[in-house]
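Printed here is data.tsv (TSV, C-alpha atoms and all ligand atoms):
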```
chain	number	residue	atom	x	y	z
B	27	MET	CA	-9.73	9.32	-14.70
B	28	SER	CA	-9.24	10.86	-18.12
B	29	SER	CA	-5.95	12.67	-18.07
B	30	THR	CA	-3.53	13.59	-20.81
B	31	HIS	CA	-0.57	12.75	-18.58
B	32	PRO	CA	0.04	9.69	-16.40
B	33	VAL	CA	-1.38	10.12	-12.90
B	34	TYR	CA	0.60	9.15	-9.78
B	35	LEU	CA	-1.12	8.78	-6.42
B	36	VAL	CA	0.68	7.87	-3.18
B	37	PHE	CA	-1.51	6.29	-0.49
B	38	ILE	CA	-0.07	6.98	2.94
B	39	GLY	CA	-1.30	5.45	6.17
B	40	PRO	CA	-0.41	2.99	8.90
B	41	PRO	CA	-0.58	-0.76	8.29
B	42	GLY	CA	-4.25	-1.72	8.19
B	43	ALA	CA	-5.47	1.76	7.17
B	44	GLY	CA	-7.07	0.32	4.03
B	45	LYS	CA	-4.49	1.36	1.42
B	46	GLY	CA	-4.52	-1.99	-0.39
B	47	THR	CA	-8.30	-2.38	-0.20
B	48	GLN	CA	-8.89	1.08	-1.65
B	49	ALA	CA	-6.10	0.86	-4.26
B	50	ALA	CA	-7.54	-2.42	-5.58
B	51	MET	CA	-11.00	-0.84	-5.86
B	52	LEU	CA	-9.79	2.39	-7.45
B	53	GLU	CA	-7.33	0.93	-9.94
B	54	LYS	CA	-10.15	-0.22	-12.22
B	55	GLU	CA	-12.27	2.85	-11.65
B	56	LEU	CA	-9.41	5.26	-12.41
B	57	GLY	CA	-7.55	3.17	-15.00
B	58	LEU	CA	-4.35	3.25	-12.92
B	59	LYS	CA	-2.08	0.38	-11.82
B	60	GLN	CA	-1.78	-0.53	-8.14
B	61	VAL	CA	1.88	-0.97	-7.18
B	62	SER	CA	2.24	-2.46	-3.69
B	63	SER	CA	5.81	-2.91	-2.47
B	64	GLY	CA	4.57	-5.43	0.13
B	65	ASP	CA	2.91	-7.51	-2.63
B	66	LEU	CA	6.09	-7.34	-4.71
B	67	PHE	CA	8.14	-8.64	-1.76
B	68	ARG	CA	5.60	-11.43	-1.10
B	69	GLU	CA	5.64	-12.41	-4.79
B	70	ASN	CA	9.45	-12.61	-4.65
B	71	LEU	CA	9.25	-14.72	-1.52
B	72	LYS	CA	6.74	-17.08	-3.12
B	73	ASN	CA	9.14	-17.50	-6.06
B	74	GLN	CA	12.06	-17.96	-3.64
B	75	THR	CA	14.12	-15.24	-5.34
B	76	GLU	CA	17.21	-13.81	-3.67
B	77	LEU	CA	15.32	-10.55	-3.08
B	78	GLY	CA	12.39	-12.43	-1.51
B	79	LEU	CA	14.66	-14.34	0.88
B	80	LEU	CA	16.45	-11.15	1.87
B	81	ALA	CA	13.15	-9.31	2.46
B	82	LYS	CA	11.72	-12.15	4.57
B	83	SER	CA	13.99	-11.52	7.57
B	84	TYR	CA	12.80	-7.91	7.76
B	85	MET	CA	9.14	-8.64	7.04
B	86	ASP	CA	8.93	-11.37	9.70
B	87	GLN	CA	9.97	-8.80	12.34
B	88	GLY	CA	7.78	-6.03	10.92
B	89	ASN	CA	10.84	-3.95	10.05
B	90	LEU	CA	11.48	-2.13	6.79
B	91	VAL	CA	13.48	-3.75	4.02
B	92	PRO	CA	16.56	-1.57	3.26
B	93	ASP	CA	15.87	1.44	1.04
B	94	GLU	CA	18.33	0.54	-1.69
B	95	VAL	CA	16.74	-2.81	-2.57
B	96	THR	CA	13.21	-1.49	-2.15
B	97	ILE	CA	13.82	1.49	-4.43
B	98	ARG	CA	15.43	-0.68	-7.11
B	99	MET	CA	12.51	-3.14	-7.02
B	100	VAL	CA	9.91	-0.37	-7.44
B	101	GLN	CA	11.94	1.36	-10.14
B	102	ASP	CA	12.01	-1.91	-12.14
B	103	ARG	CA	8.27	-2.36	-11.66
B	104	LEU	CA	7.57	1.13	-13.03
B	105	GLN	CA	9.26	0.26	-16.32
B	106	ARG	CA	6.56	-2.29	-17.15
B	107	PRO	CA	4.00	-1.13	-19.76
B	108	ASP	CA	0.99	-1.59	-17.42
B	109	CYS	CA	2.23	1.46	-15.45
B	110	ALA	CA	2.18	3.77	-18.48
B	111	ARG	CA	-1.17	5.40	-17.66
B	112	GLY	CA	-0.27	6.01	-14.05
B	113	VAL	CA	0.08	4.30	-10.70
B	114	ILE	CA	-1.46	4.09	-7.25
B	115	PHE	CA	1.46	3.48	-4.87
B	116	ASP	CA	0.40	1.42	-1.88
B	117	GLY	CA	2.99	0.95	0.87
B	118	PHE	CA	5.70	2.84	-1.02
B	119	PRO	CA	7.40	5.17	-0.22
B	120	ARG	CA	7.86	4.38	3.48
B	121	THR	CA	10.94	6.51	4.26
B	122	LEU	CA	12.05	10.01	3.31
B	123	GLN	CA	14.85	8.48	1.24
B	124	GLN	CA	12.30	6.42	-0.72
B	125	ALA	CA	10.12	9.51	-1.19
B	126	SER	CA	12.94	11.55	-2.71
B	127	ALA	CA	13.99	8.58	-4.88
B	128	LEU	CA	10.41	8.37	-6.17
B	129	ASP	CA	10.39	12.09	-6.93
B	130	ALA	CA	13.65	11.65	-8.88
B	131	MET	CA	12.28	8.66	-10.84
B	132	LEU	CA	9.17	10.58	-11.85
B	133	THR	CA	11.05	13.79	-12.65
B	134	ALA	CA	13.37	11.78	-14.93
B	135	GLN	CA	10.35	10.77	-17.00
B	136	GLY	CA	8.79	14.24	-16.97
B	137	SER	CA	6.07	13.33	-14.41
B	138	LYS	CA	5.25	14.09	-10.81
B	139	ILE	CA	3.05	12.95	-7.94
B	140	ASP	CA	-0.47	14.33	-8.28
B	141	LEU	CA	-1.82	13.62	-4.79
B	142	ALA	CA	-0.85	11.88	-1.53
B	143	PRO	CA	-4.04	10.89	0.31
B	144	VAL	CA	-3.36	10.15	3.98
B	145	LEU	CA	-5.72	7.57	5.50
B	146	THR	CA	-6.11	8.20	9.24
B	147	VAL	CA	-7.30	5.37	11.53
B	148	ALA	CA	-7.02	4.91	15.32
B	149	ASP	CA	-4.51	2.31	16.56
B	150	ASP	CA	-7.06	0.03	18.27
B	151	ALA	CA	-9.05	-0.21	15.03
B	152	LEU	CA	-5.83	-0.99	13.12
B	153	MET	CA	-5.05	-3.89	15.44
B	154	ALA	CA	-8.55	-5.34	14.94
B	155	ARG	CA	-8.30	-4.90	11.17
B	156	LEU	CA	-4.87	-6.52	10.84
B	157	THR	CA	-5.45	-9.52	13.10
B	158	GLY	CA	-8.72	-10.26	11.24
B	159	ARG	CA	-7.28	-9.76	7.75
B	160	ARG	CA	-7.33	-12.67	5.32
B	161	VAL	CA	-5.64	-12.66	1.90
B	162	CYS	CA	-6.17	-14.82	-1.17
B	163	ARG	CA	-3.16	-17.04	-1.89
B	164	GLN	CA	-3.97	-16.95	-5.60
B	165	CYS	CA	-5.00	-13.39	-6.55
B	166	GLY	CA	-4.05	-11.38	-3.44
B	167	ALA	CA	-7.60	-10.05	-2.79
B	168	THR	CA	-8.02	-8.85	0.80
B	169	TYR	CA	-10.87	-9.69	3.19
B	170	HIS	CA	-11.67	-9.31	6.87
B	171	VAL	CA	-13.33	-12.01	8.95
B	172	LEU	CA	-15.81	-9.47	10.39
B	173	PHE	CA	-15.63	-6.21	8.41
B	174	ASN	CA	-15.40	-7.59	4.87
B	175	PRO	CA	-16.04	-11.34	4.96
B	176	PRO	CA	-15.99	-13.55	1.86
B	177	GLN	CA	-19.25	-15.26	0.88
B	178	ALA	CA	-17.88	-18.71	1.76
B	179	ASP	CA	-15.54	-19.09	4.74
B	180	GLY	CA	-11.88	-19.22	3.69
B	181	VAL	CA	-12.61	-18.97	-0.05
B	182	CYS	CA	-11.91	-15.97	-2.31
B	183	ASP	CA	-15.06	-14.48	-3.93
B	184	ALA	CA	-13.06	-13.31	-6.94
B	185	CYS	CA	-11.13	-16.45	-7.94
B	186	GLY	CA	-12.06	-19.30	-5.57
B	187	GLY	CA	-8.52	-19.33	-4.13
B	188	GLU	CA	-7.69	-20.25	-0.53
B	189	LEU	CA	-7.58	-17.43	2.03
B	190	TYR	CA	-4.70	-17.30	4.52
B	191	GLN	CA	-3.58	-15.13	7.41
B	192	ARG	CA	-0.29	-13.26	6.88
B	193	SER	CA	2.30	-14.34	9.47
B	194	ASP	CA	3.12	-10.66	10.16
B	195	ASP	CA	-0.52	-9.97	11.09
B	196	SER	CA	0.10	-11.32	14.63
B	197	VAL	CA	-0.41	-9.03	17.66
B	198	GLU	CA	3.34	-8.76	18.46
B	199	THR	CA	4.42	-8.01	14.90
B	200	VAL	CA	1.61	-5.48	14.44
B	201	HIS	CA	2.88	-3.59	17.51
B	202	ASN	CA	6.30	-3.26	15.90
B	203	ARG	CA	4.87	-2.37	12.50
B	204	LEU	CA	2.90	0.50	14.06
B	205	PHE	CA	6.05	1.66	15.88
B	206	VAL	CA	8.01	1.55	12.62
B	207	TYR	CA	5.23	3.43	10.83
B	208	TYR	CA	5.15	6.33	13.30
B	209	LYS	CA	8.94	6.54	13.48
B	210	GLN	CA	9.95	6.10	9.84
B	211	THR	CA	6.92	6.62	7.60
B	212	ALA	CA	4.75	9.24	9.34
B	213	PRO	CA	7.38	11.96	8.56
B	214	LEU	CA	6.28	11.56	4.94
B	215	ILE	CA	3.01	13.26	5.86
B	216	GLY	CA	5.00	16.44	6.53
B	217	TYR	CA	7.00	15.93	3.35
B	218	TYR	CA	3.93	15.71	1.13
B	219	TYR	CA	2.07	18.40	3.10
B	220	ALA	CA	4.96	20.79	2.45
B	221	HIS	CA	4.65	20.00	-1.26
B	222	GLY	CA	0.90	20.76	-1.17
B	223	LEU	CA	0.05	17.14	-1.98
B	224	ALA	CA	-1.29	15.72	1.30
B	225	VAL	CA	-5.03	15.37	1.74
B	226	PHE	CA	-6.47	13.79	4.88
B	227	ILE	CA	-9.15	11.12	4.60
B	228	ASP	CA	-11.00	9.61	7.56
B	229	GLY	CA	-10.04	5.98	7.06
B	230	GLY	CA	-12.15	4.89	10.05
B	231	GLN	CA	-15.34	5.03	7.99
B	232	SER	CA	-16.83	2.10	6.06
B	233	ILE	CA	-14.95	0.83	3.00
B	234	GLU	CA	-17.57	2.40	0.72
B	235	LEU	CA	-17.42	5.83	2.42
B	236	VAL	CA	-13.62	5.88	2.37
B	237	LYS	CA	-13.76	5.12	-1.34
B	238	GLU	CA	-16.18	8.00	-1.96
B	239	ALA	CA	-14.01	10.41	0.05
B	240	LEU	CA	-10.91	9.33	-1.87
B	241	LEU	CA	-12.62	9.69	-5.23
B	242	GLY	CA	-13.87	13.16	-4.24
B	243	ALA	CA	-10.37	14.29	-3.21
B	244	ILE	CA	-8.79	12.86	-6.38
B	245	GLN	CA	-11.38	14.51	-8.61
B	246	THR	CA	-10.95	17.84	-6.84
B	247	ALA	CA	-7.17	17.63	-7.32
B	248	ALA	CA	-7.59	16.71	-11.00
B	249	SER	CA	-9.82	19.71	-11.66
B	250	THR	CA	-7.55	22.32	-10.05
B	301	LIG	P1	-3.31	-1.73	4.33
B	301	LIG	O1	-3.09	-2.07	2.87
B	301	LIG	O2	-3.36	-0.25	4.57
B	301	LIG	O3	-2.33	-2.41	5.24
B	301	LIG	P2	-5.76	-3.29	4.01
B	301	LIG	O4	-6.40	-2.63	2.85
B	301	LIG	O5	-5.10	-4.60	3.76
B	301	LIG	O6	-4.73	-2.27	4.74
B	301	LIG	O7	-6.86	-3.43	5.16
B	301	LIG	C1	-6.54	-4.07	6.40
B	301	LIG	C2	-7.73	-4.90	6.85
B	301	LIG	O8	-8.81	-4.04	7.20
B	301	LIG	C3	-8.28	-5.87	5.79
B	301	LIG	O9	-8.71	-7.04	6.45
B	301	LIG	C4	-9.46	-5.11	5.19
B	301	LIG	O10	-10.48	-5.99	4.72
B	301	LIG	C5	-9.96	-4.29	6.39
B	301	LIG	N1	-10.48	-2.97	6.02
B	301	LIG	C6	-10.02	-2.14	5.03
B	301	LIG	N2	-10.72	-0.99	5.01
B	301	LIG	C7	-11.64	-1.08	6.02
B	301	LIG	C8	-12.66	-0.20	6.52
B	301	LIG	N3	-12.87	1.02	5.98
B	301	LIG	N4	-13.40	-0.64	7.56
B	301	LIG	C9	-13.18	-1.86	8.12
B	301	LIG	N5	-12.24	-2.72	7.70
B	301	LIG	C10	-11.47	-2.35	6.66
B	302	LIG	P1	2.70	-4.32	3.61
B	302	LIG	O1	2.25	-5.40	2.68
B	302	LIG	O2	2.66	-2.96	2.99
B	302	LIG	O3	2.02	-4.38	4.96
B	302	LIG	O4	4.25	-4.60	3.87
B	302	LIG	C1	4.68	-5.80	4.49
B	302	LIG	C2	6.17	-5.71	4.85
B	302	LIG	O5	6.95	-5.58	3.64
B	302	LIG	C3	6.57	-4.51	5.70
B	302	LIG	O6	6.37	-4.74	7.08
B	302	LIG	C4	8.06	-4.37	5.34
B	302	LIG	O7	8.85	-5.37	5.99
B	302	LIG	C5	8.05	-4.71	3.85
B	302	LIG	N1	7.84	-3.49	3.03
B	302	LIG	C6	6.77	-3.23	2.22
B	302	LIG	N2	6.91	-2.06	1.61
B	302	LIG	C7	8.11	-1.54	2.02
B	302	LIG	C8	8.81	-0.34	1.75
B	302	LIG	N3	8.31	0.60	0.93
B	302	LIG	N4	10.01	-0.16	2.37
B	302	LIG	C9	10.54	-1.09	3.18
B	302	LIG	N5	9.91	-2.24	3.49
B	302	LIG	C10	8.70	-2.48	2.93
```
Take the structure I supplied and represent it as structure tokens, if you would.
Amino acid sequence: MSSTHPVYLVFIGPPGAGKGTQAAMLEKELGLKQVSSGDLFRENLKNQTELGLLAKSYMDQGNLVPDEVTIRMVQDRLQRPDCARGVIFDGFPRTLQQASALDAMLTAQGSKIDLAPVLTVADDALMARLTGRRVCRQCGATYHVLFNPPQADGVCDACGGELYQRSDDSVETVHNRLFVYYKQTAPLIGYYYAHGLAVFIDGGQSIELVKEALLGAIQTAAST
């Protein structure tokens, strides 16, 4: 995306909607940086930081980490130079308080959110996607045992790393994560709709078709 100002996209959607998959594909294509709050928490946990250990108790249950720590973590991440050309937010914001904090952060630097694509997917498909998800321990690439399998079982195509199943991708935790999404995060759809930023994408299509639909919506927004 050639833009004179940094571009900020917010991907909204339930867990398993394909936010991470699409953000990883589009970051190169659009020259933006993917910022995933879930990945930042998992990185902190891997490094056994205080923040990681605090987040773990919430993540294990499928509940949201408190706004204050989440907002501070994302704010710090945005200061890094790789975010200068713009960002695809994936999994953040997840509450109305996070959304207004993000608006304030961007306003303070003379920017704003350009578009909030909402990926819609039926709950039964989400359950199948999440329980079959596999993630690379080394580079974080995401696969699915049936819908997006790696070439060799259990091995990352991109870096050769080992694939693992996230502990919160169990049936019970997914049920709670969906509950939390509809209760705490879905209100953001109204928030962004009211700001004229929401655009609805059928996330139930193939990975390739979702990508095309997203690119179309982003290009339309950029040209208006
Ligand atoms: P999110 O980041 O929204 O939680 P992911 O991008 O991690 O979701 O996708 C969840 C799972 O579904 C992954 O295993 C991924 O490979 C798979 N997936 C993503 N998009 C699609 C799609 N359009 N069709 C089928 N499976 C998909
Ligand atoms: P994700 O990788 O987006 O599926 O997130 C995994 C878990 O990290 C969630 O279930 C939450 O516990 C936590 N998390 C990620 N992003 C946020 C956020 N923006 N606000 C609060 N908790 C979050």
Please measure the separation of atom P2 of ligand LIG 301 (chain B) and atom CA of B:Arg203, giving the value in Å to one decimal.
->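 Straight-line distance from atom P2 of ligand LIG 301 (chain B) to atom CA of B:Arg203 works out to 13.6 Å.
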Write out as JSON lines a residue-level contact list of chain B versus ligand LIG 301 (chain B) with cut-off 7 Å: for each qualifying residue the closest pair of atoms and the distance in Å to one decimal, counting all atoms listed in the file, rows sorted by chain and residue number upward.
```
{"residue": "B:Gly39", "atom": "CA", "partner": "B:LIG301", "partner_atom": "O2", "distance": 6.3}
{"residue": "B:Pro40", "atom": "CA", "partner": "B:LIG301", "partner_atom": "O2", "distance": 6.2}
{"residue": "B:Pro41", "atom": "CA", "partner": "B:LIG301", "partner_atom": "O3", "distance": 3.9}
{"residue": "B:Gly42", "atom": "CA", "partner": "B:LIG301", "partner_atom": "O6", "distance": 3.5}
{"residue": "B:Ala43", "atom": "CA", "partner": "B:LIG301", "partner_atom": "O2", "distance": 3.9}
{"residue": "B:Gly44", "atom": "CA", "partner": "B:LIG301", "partner_atom": "O4", "distance": 3.2}
{"residue": "B:Lys45", "atom": "CA", "partner": "B:LIG301", "partner_atom": "O2", "distance": 3.7}
{"residue": "B:Gly46", "atom": "CA", "partner": "B:LIG301", "partner_atom": "O1", "distance": 3.6}
{"residue": "B:Thr47", "atom": "CA", "partner": "B:LIG301", "partner_atom": "O4", "distance": 3.6}
{"residue": "B:Gln48", "atom": "CA", "partner": "B:LIG301", "partner_atom": "O4", "distance": 6.3}
{"residue": "B:Asp116", "atom": "CA", "partner": "B:LIG301", "partner_atom": "O1", "distance": 6.9}
{"residue": "B:Arg155", "atom": "CA", "partner": "B:LIG301", "partner_atom": "O8", "distance": 4.1}
{"residue": "B:Leu156", "atom": "CA", "partner": "B:LIG301", "partner_atom": "C2", "distance": 5.2}
{"residue": "B:Gly158", "atom": "CA", "partner": "B:LIG301", "partner_atom": "O9", "distance": 5.8}
{"residue": "B:Arg159", "atom": "CA", "partner": "B:LIG301", "partner_atom": "O9", "distance": 3.3}
{"residue": "B:Arg160", "atom": "CA", "partner": "B:LIG301", "partner_atom": "O9", "distance": 5.9}
{"residue": "B:Thr168", "atom": "CA", "partner": "B:LIG301", "partner_atom": "O10", "distance": 5.4}
{"residue": "B:Tyr169", "atom": "CA", "partner": "B:LIG301", "partner_atom": "O10", "distance": 4.0}
{"residue": "B:His170", "atom": "CA", "partner": "B:LIG301", "partner_atom": "O9", "distance": 3.8}
{"residue": "B:Phe173", "atom": "CA", "partner": "B:LIG301", "partner_atom": "N5", "distance": 4.9}
{"residue": "B:Asn174", "atom": "CA", "partner": "B:LIG301", "partner_atom": "O10", "distance": 5.2}
{"residue": "B:Gly229", "atom": "CA", "partner": "B:LIG301", "partner_atom": "N3", "distance": 5.8}
{"residue": "B:Gly230", "atom": "CA", "partner": "B:LIG301", "partner_atom": "N3", "distance": 5.7}
{"residue": "B:Gln231", "atom": "CA", "partner": "B:LIG301", "partner_atom": "N3", "distance": 5.1}
{"residue": "B:Ser232", "atom": "CA", "partner": "B:LIG301", "partner_atom": "N3", "distance": 4.1}
{"residue": "B:Ile233", "atom": "CA", "partner": "B:LIG301", "partner_atom": "N3", "distance": 3.6}
{"residue": "B:Val236", "atom": "CA", "partner": "B:LIG301", "partner_atom": "N3", "distance": 6.1}
```
Residues of the last selection are to be written out with C-alpha atoms, as a PDB file, keeping the file's coordinate frame.
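To be explicit, this is the file written out as again32.pdb:
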```pdb
ATOM      1  CA  GLY B  39      -1.300   5.450   6.170  1.00  0.00           C
ATOM      2  CA  PRO B  40      -0.410   2.990   8.900  1.00  0.00           C
ATOM      3  CA  PRO B  41      -0.580  -0.760   8.290  1.00  0.00           C
ATOM      4  CA  GLY B  42      -4.250  -1.720   8.190  1.00  0.00           C
ATOM      5  CA  ALA B  43      -5.470   1.760   7.170  1.00  0.00           C
ATOM      6  CA  GLY B  44      -7.070   0.320   4.030  1.00  0.00           C
ATOM      7  CA  LYS B  45      -4.490   1.360   1.420  1.00  0.00           C
ATOM      8  CA  GLY B  46      -4.520  -1.990  -0.390  1.00  0.00           C
ATOM      9  CA  THR B  47      -8.300  -2.380  -0.200  1.00  0.00           C
ATOM     10  CA  GLN B  48      -8.890   1.080  -1.650  1.00  0.00           C
ATOM     11  CA  ASP B 116       0.400   1.420  -1.880  1.00  0.00           C
ATOM     12  CA  ARG B 155      -8.300  -4.900  11.170  1.00  0.00           C
ATOM     13  CA  LEU B 156      -4.870  -6.520  10.840  1.00  0.00           C
ATOM     14  CA  GLY B 158      -8.720 -10.260  11.240  1.00  0.00           C
ATOM     15  CA  ARG B 159      -7.280  -9.760   7.750  1.00  0.00           C
ATOM     16  CA  ARG B 160      -7.330 -12.670   5.320  1.00  0.00           C
ATOM     17  CA  THR B 168      -8.020  -8.850   0.800  1.00  0.00           C
ATOM     18  CA  TYR B 169     -10.870  -9.690   3.190  1.00  0.00           C
ATOM     19  CA  HIS B 170     -11.670  -9.310   6.870  1.00  0.00           C
ATOM     20  CA  PHE B 173     -15.630  -6.210   8.410  1.00  0.00           C
ATOM     21  CA  ASN B 174     -15.400  -7.590   4.870  1.00  0.00           C
ATOM     22  CA  GLY B 229     -10.040   5.980   7.060  1.00  0.00           C
ATOM     23  CA  GLY B 230     -12.150   4.890  10.050  1.00  0.00           C
ATOM     24  CA  GLN B 231     -15.340   5.030   7.990  1.00  0.00           C
ATOM     25  CA  SER B 232     -16.830   2.100   6.060  1.00  0.00           C
ATOM     26  CA  ILE B 233     -14.950   0.830   3.000  1.00  0.00           C
ATOM     27  CA  VAL B 236     -13.620   5.880   2.370  1.00  0.00           C
TER      28      VAL B 236
END
```
Nearby residues (only C-alpha atoms) at most 12 Å from B:Ala243, same-chain spacing under 5 positions excluded, as a list in words = Leu35, Asp140, Leu141, Ala142, Pro143, Val144, Leu145, Leu223, Ala224, Val225, Phe226, Ile227, Asp228, Val236, Lys237, Glu238, Ala248, Ser249 and Thr250 of chain B
Pull the neighbourhood of (11.1, 6.7, 1.9) for me: all residues within 12 Å in file coordinates, counting all atoms listed in the file, as a PyMOL selection string.
-> chain B and resi 36+38+63+90-97+100+117-129+207+209-215+217-218
Please measure the separation of atom CA of B:Gly112 and atom CA of B:Ser62, giving the value in Å to one decimal.
->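 Going from atom CA of B:Gly112 over to atom CA of B:Ser62, I get 13.6 Å.
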Sel. within 9 Å of pt (-0.9, -10.5, 9.8), counting only C-alpha atoms, output as a PyMOL selection string = chain B and resi 156-160+191-197+199-200
Using all atoms listed in the file, which of the listed residues (B:Arg98, B:Arg106, B:His221, B:Lys82) sits closest to ligand LIG 302 (chain B)?
-> B:Lys82
Here atom CA of B:Arg111 and atom CA of B:Thr30 stand apart by 9.1 Å
Neighbour list for B:Lys54 as a list in words, cut-off 12 Å, all atoms listed in the file, skip fewer than 2 positions in-chain | Met27, Gln48, Ala49, Ala50, Met51, Leu52, Leu56, Gly57, Leu58, Lys59, Gln60, Arg111, Gly112, Val113 and Ile114 of chain B
So, counting only C-alpha atoms and all ligand atoms, which residue among B:Glu234, B:Glu69, B:Asp183, B:Asp149 is closest to ligand LIG 302 (chain B)?
->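 For ligand LIG 302 (chain B), the nearest of the candidates is B:Glu69.
Using all atoms listed in the file, the residues found no farther than 8 Å from B:Ala167, other than those of its own chain fewer than 4 positions away, are B:Val161, B:Cys162, B:Cys182, B:Ala184.
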Tell me which of B:Ala178, B:Ala130, B:Ala81, B:Ala220 sits closest to ligand LIG 302 (chain B), counting all atoms listed in the file.
-> B:Ala81
From the set B:Cys185, B:Cys165, B:Val206, B:Leu172, which residue has the shortest atom-to-atom contact distance to ligand LIG 302 (chain B), counting only C-alpha atoms and all ligand atoms?
->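 Closest to ligand LIG 302 (chain B), using only C-alpha atoms and all ligand atoms: B:Val206.
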Between B:Leu71, B:Leu80, B:Val181, B:Val33, single out the one closest to B:Phe115, counting all atoms listed in the file.
-> B:Val33
Taking all atoms listed in the file into account, which of B:Ala151, B:Leu240, B:Pro32, B:Gly166 comes nearest ligand LIG 302 (chain B)?
->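 Closest to ligand LIG 302 (chain B), using all atoms listed in the file: B:Gly166.
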Rebuild stretch 190-209 of chain B to N, CA and C atoms - output it as a compact mmCIF listing (two decimals), keeping the file's coordinate frame, please.
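The file below, part14.txt, is the result:
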```txt
# COMPACT_ATOMS: atom_id res chain seq x y z
N TYR B 190 -5.63 -17.00 3.42
CA TYR B 190 -4.70 -17.30 4.52
C TYR B 190 -4.48 -16.05 5.35
N GLN B 191 -3.91 -16.26 6.53
CA GLN B 191 -3.58 -15.13 7.41
C GLN B 191 -2.08 -14.84 7.28
N ARG B 192 -1.71 -13.61 6.99
CA ARG B 192 -0.29 -13.26 6.88
C ARG B 192 0.39 -13.48 8.23
N SER B 193 1.61 -14.04 8.20
CA SER B 193 2.30 -14.34 9.47
C SER B 193 2.66 -13.04 10.21
N ASP B 194 2.79 -11.92 9.47
CA ASP B 194 3.12 -10.66 10.16
C ASP B 194 1.87 -9.94 10.66
N ASP B 195 0.71 -10.56 10.53
CA ASP B 195 -0.52 -9.97 11.09
C ASP B 195 -0.80 -10.49 12.51
N SER B 196 0.25 -10.90 13.22
CA SER B 196 0.10 -11.32 14.63
C SER B 196 0.18 -10.08 15.52
N VAL B 197 -0.37 -10.19 16.75
CA VAL B 197 -0.41 -9.03 17.66
C VAL B 197 0.98 -8.43 17.88
N GLU B 198 1.99 -9.28 18.15
CA GLU B 198 3.34 -8.76 18.46
C GLU B 198 3.93 -8.03 17.26
N THR B 199 3.81 -8.65 16.07
CA THR B 199 4.42 -8.01 14.90
C THR B 199 3.69 -6.72 14.55
N VAL B 200 2.37 -6.70 14.73
CA VAL B 200 1.61 -5.48 14.44
C VAL B 200 2.09 -4.33 15.34
N HIS B 201 2.37 -4.64 16.61
CA HIS B 201 2.88 -3.59 17.51
C HIS B 201 4.14 -2.96 16.93
N ASN B 202 5.05 -3.81 16.46
CA ASN B 202 6.30 -3.26 15.90
C ASN B 202 6.04 -2.52 14.60
N ARG B 203 5.14 -3.05 13.77
CA ARG B 203 4.87 -2.37 12.50
C ARG B 203 4.30 -0.97 12.74
N LEU B 204 3.45 -0.84 13.76
CA LEU B 204 2.90 0.50 14.06
C LEU B 204 4.02 1.42 14.55
N PHE B 205 4.91 0.88 15.39
CA PHE B 205 6.05 1.66 15.88
C PHE B 205 6.90 2.15 14.70
N VAL B 206 7.20 1.22 13.80
CA VAL B 206 8.01 1.55 12.62
C VAL B 206 7.30 2.60 11.77
N TYR B 207 5.99 2.45 11.62
CA TYR B 207 5.23 3.43 10.83
C TYR B 207 5.39 4.84 11.42
N TYR B 208 5.12 4.98 12.72
CA TYR B 208 5.15 6.33 13.30
C TYR B 208 6.55 6.92 13.29
N LYS B 209 7.57 6.04 13.43
CA LYS B 209 8.94 6.54 13.48
C LYS B 209 9.48 6.86 12.08
```
